[in-house]
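Contents: one structure, followed by commentary.
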Amino acid sequence: MNYHVLTLFPEMIQDGLNTSIIGRAMEKGLISLQTTDIRDYSTNKHHKVDDYPYGGGAGMVMQAEPVYGACKAVSEKIGYRPRVIYLTPQGSVFNQTIAEDLAKEKDLVFLCGHYEGIDERVLEEVVTDYLSIGDYVLTGGELPAMVMIDAISRLVPGVLNNDESAQFESFQDNLLEYPQYSRPEEWNGKIVPPVLLSGHHANIEKWRREQSVIRTALRRPDLLDKAQLTNSELELISRISEPEA
């Protein structure tokens with residue numbers, strides 16, 4: 001997987017992703033990260049990339065030409081036109097299903113806007129996907145880009161030490177992950193559930209599945225509509241959802 005981030009702050013992207021699991025994945029060559037400074041494609045001698053909006057209004061708008069030039073340079077470098085993701089609160093909300101879809105690509109371009117946004121004409125020209133990380137406004141697209149790159153990279157083979165760990169986490173099967181425990185067996189008066197110490201793998205898997213269903217019902221019931229649930233799991237949800245007498 002090759003990531004290309006078009007930004008006014010390339011050092012922010014590089015510094016934010018060069019550590020931990022993602023940093024190690026880059027060292028191993030499993031993923032690559034290239035940042036492109038949009039200012040390098042400004043035709044202004046001061047490398048200015050923004051101007052006042054037509055029609056008036058507050059703030060400034062990023063101009064079309066520098067963004068187009070940066071995007072075109074990436075396409076020419078890799079030899080084809082890749083998917084270009086514009087990070088905007090007006091986009092579809094990013095989720096695990098979208099991450100899985102994007103992880104199938106060879107190259108992904110993330111376009112990070114600033115100010116009051118980017119000239120609509122260049123967005124119509126280059127953008128293939130409009131994505132958001134939530135219904136709120138940030139100062140730029142860099143943080144959303146890093147969030148998405150982190151989530152997508154975990155799905156690239158070899159990035160995680162245990163390939164199964166990416167398959168059995170929160171939001172897989174539209175259920176939240178079950179509770180996790182480690183040593184010691186007792187901490188602060190709380191003990192590890194005995195089933196996890198039993199060595200009985202079938203019982204452990206059954207318990208974990210039930211806990212995932214319960215946790216999802218309590219914390220993210222909106223996910224249950226898309227989950228594949230058995231009749232007994234539906235009965236379990238109905239019991240924990242009933243108000244106490």
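Ligands are numbered from 1 in the order shown, residues from 1 within each chain, and chains are lettered A, B, ... in the order they appear in the structure tokens.
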DSSP alpha helix (DSSP H) residues within stretch 3-243 of chain A, listed as a ChimeraX atom specification: /A:10-17,20-27,64-78,96-102,120-126,142-153,201-219,231-241
Can I get the selection written as an mmCIF file, in the first residue's frame, with C-alpha atoms?
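part-v1.cif was written with the following content:
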data_model
loop_
_atom_site.group_PDB
_atom_site.id
_atom_site.type_symbol
_atom_site.label_atom_id
_atom_site.label_comp_id
_atom_site.auth_asym_id
_atom_site.auth_seq_id
_atom_site.Cartn_x
_atom_site.Cartn_y
_atom_site.Cartn_z
ATOM 1 C CA PRO A 10 3.880 17.621 5.301
ATOM 2 C CA GLU A 11 5.902 17.502 8.514
ATOM 3 C CA MET A 12 2.692 17.031 10.514
ATOM 4 C CA ILE A 13 1.876 13.877 8.527
ATOM 5 C CA GLN A 14 5.397 12.495 8.643
ATOM 6 C CA ASP A 15 5.845 13.126 12.362
ATOM 7 C CA GLY A 16 2.444 11.678 13.185
ATOM 8 C CA LEU A 17 2.886 8.402 11.305
ATOM 9 C CA SER A 20 4.631 2.636 16.482
ATOM 10 C CA ILE A 21 3.022 -0.010 14.255
ATOM 11 C CA ILE A 22 2.708 2.250 11.202
ATOM 12 C CA GLY A 23 6.317 3.391 11.476
ATOM 13 C CA ARG A 24 7.540 -0.207 11.697
ATOM 14 C CA ALA A 25 5.404 -1.156 8.692
ATOM 15 C CA MET A 26 7.102 1.587 6.673
ATOM 16 C CA GLU A 27 10.535 0.382 7.765
ATOM 17 C CA ALA A 64 -7.616 25.235 -7.762
ATOM 18 C CA GLU A 65 -4.313 25.305 -9.646
ATOM 19 C CA PRO A 66 -1.883 24.364 -6.818
ATOM 20 C CA VAL A 67 -4.139 21.482 -5.765
ATOM 21 C CA TYR A 68 -4.489 20.294 -9.361
ATOM 22 C CA GLY A 69 -0.730 20.510 -9.915
ATOM 23 C CA ALA A 70 0.038 18.487 -6.801
ATOM 24 C CA CYS A 71 -2.495 15.815 -7.690
ATOM 25 C CA LYS A 72 -1.326 15.623 -11.299
ATOM 26 C CA ALA A 73 2.282 15.191 -10.163
ATOM 27 C CA VAL A 74 1.347 12.147 -8.075
ATOM 28 C CA SER A 75 -0.637 10.585 -10.925
ATOM 29 C CA GLU A 76 2.264 11.080 -13.333
ATOM 30 C CA LYS A 77 4.727 9.623 -10.844
ATOM 31 C CA ILE A 78 2.796 6.377 -10.280
ATOM 32 C CA GLN A 96 -14.468 -0.250 9.019
ATOM 33 C CA THR A 97 -16.251 -1.316 5.832
ATOM 34 C CA ILE A 98 -14.798 1.670 3.969
ATOM 35 C CA ALA A 99 -11.364 0.898 5.434
ATOM 36 C CA GLU A 100 -11.594 -2.654 4.100
ATOM 37 C CA ASP A 101 -12.545 -1.368 0.659
ATOM 38 C CA LEU A 102 -9.706 1.158 0.543
ATOM 39 C CA GLU A 120 -15.038 23.379 -6.067
ATOM 40 C CA ARG A 121 -13.814 23.200 -9.647
ATOM 41 C CA VAL A 122 -10.683 21.240 -8.807
ATOM 42 C CA LEU A 123 -12.586 18.947 -6.466
ATOM 43 C CA GLU A 124 -14.886 18.043 -9.362
ATOM 44 C CA GLU A 125 -11.812 17.383 -11.474
ATOM 45 C CA VAL A 126 -9.719 15.154 -9.218
ATOM 46 C CA GLU A 142 -4.272 16.143 8.233
ATOM 47 C CA LEU A 143 -5.688 14.493 11.362
ATOM 48 C CA PRO A 144 -8.490 12.711 9.467
ATOM 49 C CA ALA A 145 -5.936 11.512 6.903
ATOM 50 C CA MET A 146 -3.768 10.037 9.653
ATOM 51 C CA VAL A 147 -6.758 8.361 11.272
ATOM 52 C CA MET A 148 -7.738 6.709 7.989
ATOM 53 C CA ILE A 149 -4.175 5.686 7.119
ATOM 54 C CA ASP A 150 -3.831 4.032 10.529
ATOM 55 C CA ALA A 151 -7.105 2.119 10.162
ATOM 56 C CA ILE A 152 -6.401 1.030 6.573
ATOM 57 C CA SER A 153 -2.807 0.000 7.298
ATOM 58 C CA HIS A 201 -11.607 -23.031 23.783
ATOM 59 C CA ALA A 202 -15.203 -23.626 22.710
ATOM 60 C CA ASN A 203 -16.532 -22.175 25.970
ATOM 61 C CA ILE A 204 -14.142 -19.246 25.711
ATOM 62 C CA GLU A 205 -15.296 -18.436 22.172
ATOM 63 C CA LYS A 206 -18.943 -18.734 23.252
ATOM 64 C CA TRP A 207 -18.352 -16.363 26.177
ATOM 65 C CA ARG A 208 -16.515 -13.862 24.001
ATOM 66 C CA ARG A 209 -19.286 -13.845 21.425
ATOM 67 C CA GLU A 210 -21.912 -13.265 24.118
ATOM 68 C CA GLN A 211 -19.864 -10.436 25.601
ATOM 69 C CA SER A 212 -19.519 -8.816 22.168
ATOM 70 C CA VAL A 213 -23.284 -8.964 21.689
ATOM 71 C CA ILE A 214 -23.959 -7.566 25.171
ATOM 72 C CA ARG A 215 -21.389 -4.773 24.820
ATOM 73 C CA THR A 216 -22.754 -3.757 21.422
ATOM 74 C CA ALA A 217 -26.335 -3.739 22.717
ATOM 75 C CA LEU A 218 -25.340 -1.505 25.636
ATOM 76 C CA ARG A 219 -22.885 0.846 23.913
ATOM 77 C CA ASN A 231 -32.186 -16.445 17.934
ATOM 78 C CA SER A 232 -30.533 -16.994 21.317
ATOM 79 C CA GLU A 233 -28.503 -13.794 20.868
ATOM 80 C CA LEU A 234 -31.635 -11.863 20.006
ATOM 81 C CA GLU A 235 -33.231 -13.213 23.181
ATOM 82 C CA LEU A 236 -30.156 -12.145 25.140
ATOM 83 C CA ILE A 237 -30.426 -8.610 23.752
ATOM 84 C CA SER A 238 -34.105 -8.467 24.586
ATOM 85 C CA ARG A 239 -33.394 -9.499 28.202
ATOM 86 C CA ILE A 240 -30.725 -6.874 28.802
ATOM 87 C CA SER A 241 -32.861 -4.238 27.086
#
DSSP strand (DSSP E or B) residues within stretch 95-124 of chain A, listed as a ChimeraX atom specification: /A:107-112,118
Kindly save the residues from that selection, with all heavy atoms included, as a JSON list (two decimals), in the first residue's frame.
[["chain", "number", "residue", "atom", "x", "y", "z"],
["A", 107, "ASP", "N", -2.55, 2.28, -4.45],
["A", 107, "ASP", "CA", -2.18, 3.66, -4.09],
["A", 107, "ASP", "C", -3.43, 4.40, -3.64],
["A", 107, "ASP", "O", -4.52, 4.20, -4.21],
["A", 107, "ASP", "CB", -1.59, 4.39, -5.29],
["A", 107, "ASP", "CG", -0.26, 3.84, -5.73],
["A", 107, "ASP", "OD1", -0.25, 2.92, -6.58],
["A", 107, "ASP", "OD2", 0.78, 4.33, -5.23],
["A", 108, "LEU", "N", -3.27, 5.25, -2.65],
["A", 108, "LEU", "CA", -4.35, 6.12, -2.19],
["A", 108, "LEU", "C", -3.80, 7.53, -2.03],
["A", 108, "LEU", "O", -2.72, 7.72, -1.46],
["A", 108, "LEU", "CB", -4.93, 5.65, -0.86],
["A", 108, "LEU", "CG", -5.77, 4.37, -0.87],
["A", 108, "LEU", "CD1", -6.10, 3.95, 0.56],
["A", 108, "LEU", "CD2", -7.05, 4.56, -1.67],
["A", 109, "VAL", "N", -4.55, 8.51, -2.52],
["A", 109, "VAL", "CA", -4.16, 9.91, -2.35],
["A", 109, "VAL", "C", -5.14, 10.57, -1.39],
["A", 109, "VAL", "O", -6.36, 10.45, -1.55],
["A", 109, "VAL", "CB", -4.19, 10.66, -3.71],
["A", 109, "VAL", "CG1", -3.86, 12.14, -3.50],
["A", 109, "VAL", "CG2", -3.19, 10.02, -4.67],
["A", 110, "PHE", "N", -4.60, 11.25, -0.38],
["A", 110, "PHE", "CA", -5.42, 11.98, 0.58],
["A", 110, "PHE", "C", -5.19, 13.47, 0.36],
["A", 110, "PHE", "O", -4.05, 13.95, 0.43],
["A", 110, "PHE", "CB", -5.05, 11.60, 2.02],
["A", 110, "PHE", "CG", -5.44, 10.20, 2.38],
["A", 110, "PHE", "CD1", -4.57, 9.15, 2.13],
["A", 110, "PHE", "CD2", -6.67, 9.92, 2.96],
["A", 110, "PHE", "CE1", -4.92, 7.85, 2.46],
["A", 110, "PHE", "CE2", -7.03, 8.63, 3.29],
["A", 110, "PHE", "CZ", -6.15, 7.59, 3.04],
["A", 111, "LEU", "N", -6.26, 14.18, 0.10],
["A", 111, "LEU", "CA", -6.20, 15.63, -0.13],
["A", 111, "LEU", "C", -6.67, 16.35, 1.13],
["A", 111, "LEU", "O", -7.82, 16.22, 1.54],
["A", 111, "LEU", "CB", -7.07, 16.01, -1.32],
["A", 111, "LEU", "CG", -7.25, 17.50, -1.61],
["A", 111, "LEU", "CD1", -5.91, 18.20, -1.80],
["A", 111, "LEU", "CD2", -8.15, 17.69, -2.84],
["A", 112, "CYS", "N", -5.76, 17.10, 1.74],
["A", 112, "CYS", "CA", -6.06, 17.80, 3.00],
["A", 112, "CYS", "C", -6.34, 19.27, 2.73],
["A", 112, "CYS", "O", -5.46, 20.02, 2.28],
["A", 112, "CYS", "CB", -4.87, 17.70, 3.96],
["A", 112, "CYS", "SG", -4.37, 16.00, 4.34],
["A", 118, "ILE", "N", -11.69, 24.13, -0.45],
["A", 118, "ILE", "CA", -10.94, 24.14, -1.70],
["A", 118, "ILE", "C", -11.89, 24.51, -2.83],
["A", 118, "ILE", "O", -13.06, 24.12, -2.83],
["A", 118, "ILE", "CB", -10.30, 22.76, -1.96],
["A", 118, "ILE", "CG1", -9.30, 22.42, -0.84],
["A", 118, "ILE", "CG2", -9.62, 22.71, -3.32],
["A", 118, "ILE", "CD1", -8.69, 21.03, -0.96]]
Near-A:Gln90 list (8 Å; only C-alpha atoms; drop same-chain fewer than 6 positions) as a count of residues only: 3
Surrounding residues of stretch 50-55 of chain A excluding itself and chain neighbours under 2 positions, 10 Å, only C-alpha atoms, as a PyMOL selection string: chain A and resi 39+42+47-48+57-64+66+114-119
Got time to write the residues from that selection, N, CA, C and O atoms, as an mmCIF file, in the first residue's frame?
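Below is the file out-v8.cif, written as the result:
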data_model
loop_
_atom_site.group_PDB
_atom_site.id
_atom_site.type_symbol
_atom_site.label_atom_id
_atom_site.label_comp_id
_atom_site.auth_asym_id
_atom_site.auth_seq_id
_atom_site.Cartn_x
_atom_site.Cartn_y
_atom_site.Cartn_z
ATOM 1 N N ARG A 39 2.024 23.842 -1.578
ATOM 2 C CA ARG A 39 2.622 25.157 -1.851
ATOM 3 C C ARG A 39 3.667 25.072 -2.961
ATOM 4 O O ARG A 39 3.941 26.074 -3.651
ATOM 5 N N SER A 42 2.315 26.248 -6.276
ATOM 6 C CA SER A 42 1.746 27.589 -6.395
ATOM 7 C C SER A 42 2.481 28.363 -7.481
ATOM 8 O O SER A 42 3.698 28.233 -7.649
ATOM 9 N N HIS A 47 4.463 31.702 -2.808
ATOM 10 C CA HIS A 47 3.891 30.363 -2.571
ATOM 11 C C HIS A 47 2.535 30.443 -1.883
ATOM 12 O O HIS A 47 2.162 29.546 -1.120
ATOM 13 N N LYS A 48 1.804 31.482 -2.184
ATOM 14 C CA LYS A 48 0.458 31.615 -1.634
ATOM 15 C C LYS A 48 -0.491 30.677 -2.378
ATOM 16 O O LYS A 48 -0.430 30.538 -3.600
ATOM 17 N N GLY A 57 -17.902 36.626 1.959
ATOM 18 C CA GLY A 57 -17.954 35.673 3.057
ATOM 19 C C GLY A 57 -16.656 35.646 3.829
ATOM 20 O O GLY A 57 -15.630 36.189 3.401
ATOM 21 N N ALA A 58 -16.725 34.984 4.987
ATOM 22 C CA ALA A 58 -15.560 34.932 5.871
ATOM 23 C C ALA A 58 -14.541 33.917 5.372
ATOM 24 O O ALA A 58 -14.878 32.943 4.707
ATOM 25 N N GLY A 59 -13.289 34.157 5.725
ATOM 26 C CA GLY A 59 -12.236 33.191 5.462
ATOM 27 C C GLY A 59 -11.702 33.230 4.043
ATOM 28 O O GLY A 59 -12.085 34.055 3.216
ATOM 29 N N MET A 60 -10.784 32.273 3.789
ATOM 30 C CA MET A 60 -10.123 32.182 2.495
ATOM 31 C C MET A 60 -10.384 30.794 1.907
ATOM 32 O O MET A 60 -10.743 29.852 2.619
ATOM 33 N N VAL A 61 -10.179 30.667 0.605
ATOM 34 C CA VAL A 61 -10.409 29.401 -0.093
ATOM 35 C C VAL A 61 -9.116 28.990 -0.793
ATOM 36 O O VAL A 61 -8.435 29.827 -1.415
ATOM 37 N N MET A 62 -8.771 27.699 -0.690
ATOM 38 C CA MET A 62 -7.596 27.205 -1.396
ATOM 39 C C MET A 62 -7.865 27.217 -2.896
ATOM 40 O O MET A 62 -8.916 26.788 -3.355
ATOM 41 N N GLN A 63 -6.904 27.703 -3.654
ATOM 42 C CA GLN A 63 -7.061 27.866 -5.089
ATOM 43 C C GLN A 63 -6.953 26.527 -5.823
ATOM 44 O O GLN A 63 -6.320 25.579 -5.348
ATOM 45 N N ALA A 64 -7.539 26.488 -7.007
ATOM 46 C CA ALA A 64 -7.616 25.235 -7.762
ATOM 47 C C ALA A 64 -6.265 24.788 -8.314
ATOM 48 O O ALA A 64 -5.908 23.607 -8.228
ATOM 49 N N PRO A 66 -2.887 25.095 -7.608
ATOM 50 C CA PRO A 66 -1.883 24.364 -6.818
ATOM 51 C C PRO A 66 -2.334 22.952 -6.453
ATOM 52 O O PRO A 66 -1.532 22.011 -6.475
ATOM 53 N N HIS A 114 -7.749 23.221 3.860
ATOM 54 C CA HIS A 114 -7.589 24.175 4.971
ATOM 55 C C HIS A 114 -8.452 25.399 4.673
ATOM 56 O O HIS A 114 -9.085 25.490 3.635
ATOM 57 N N TYR A 115 -8.450 26.330 5.604
ATOM 58 C CA TYR A 115 -9.231 27.560 5.482
ATOM 59 C C TYR A 115 -10.721 27.210 5.359
ATOM 60 O O TYR A 115 -11.223 26.374 6.104
ATOM 61 N N GLU A 116 -11.413 27.834 4.396
ATOM 62 C CA GLU A 116 -12.844 27.553 4.226
ATOM 63 C C GLU A 116 -13.105 26.443 3.212
ATOM 64 O O GLU A 116 -14.243 26.211 2.815
ATOM 65 N N GLY A 117 -12.037 25.766 2.803
ATOM 66 C CA GLY A 117 -12.196 24.678 1.849
ATOM 67 C C GLY A 117 -11.368 24.895 0.602
ATOM 68 O O GLY A 117 -10.456 25.730 0.564
ATOM 69 N N ILE A 118 -11.694 24.128 -0.446
ATOM 70 C CA ILE A 118 -10.945 24.143 -1.696
ATOM 71 C C ILE A 118 -11.893 24.513 -2.832
ATOM 72 O O ILE A 118 -13.059 24.123 -2.834
ATOM 73 N N ASP A 119 -11.388 25.244 -3.795
ATOM 74 C CA ASP A 119 -12.167 25.635 -4.973
ATOM 75 C C ASP A 119 -12.897 24.404 -5.537
ATOM 76 O O ASP A 119 -12.281 23.385 -5.851
#
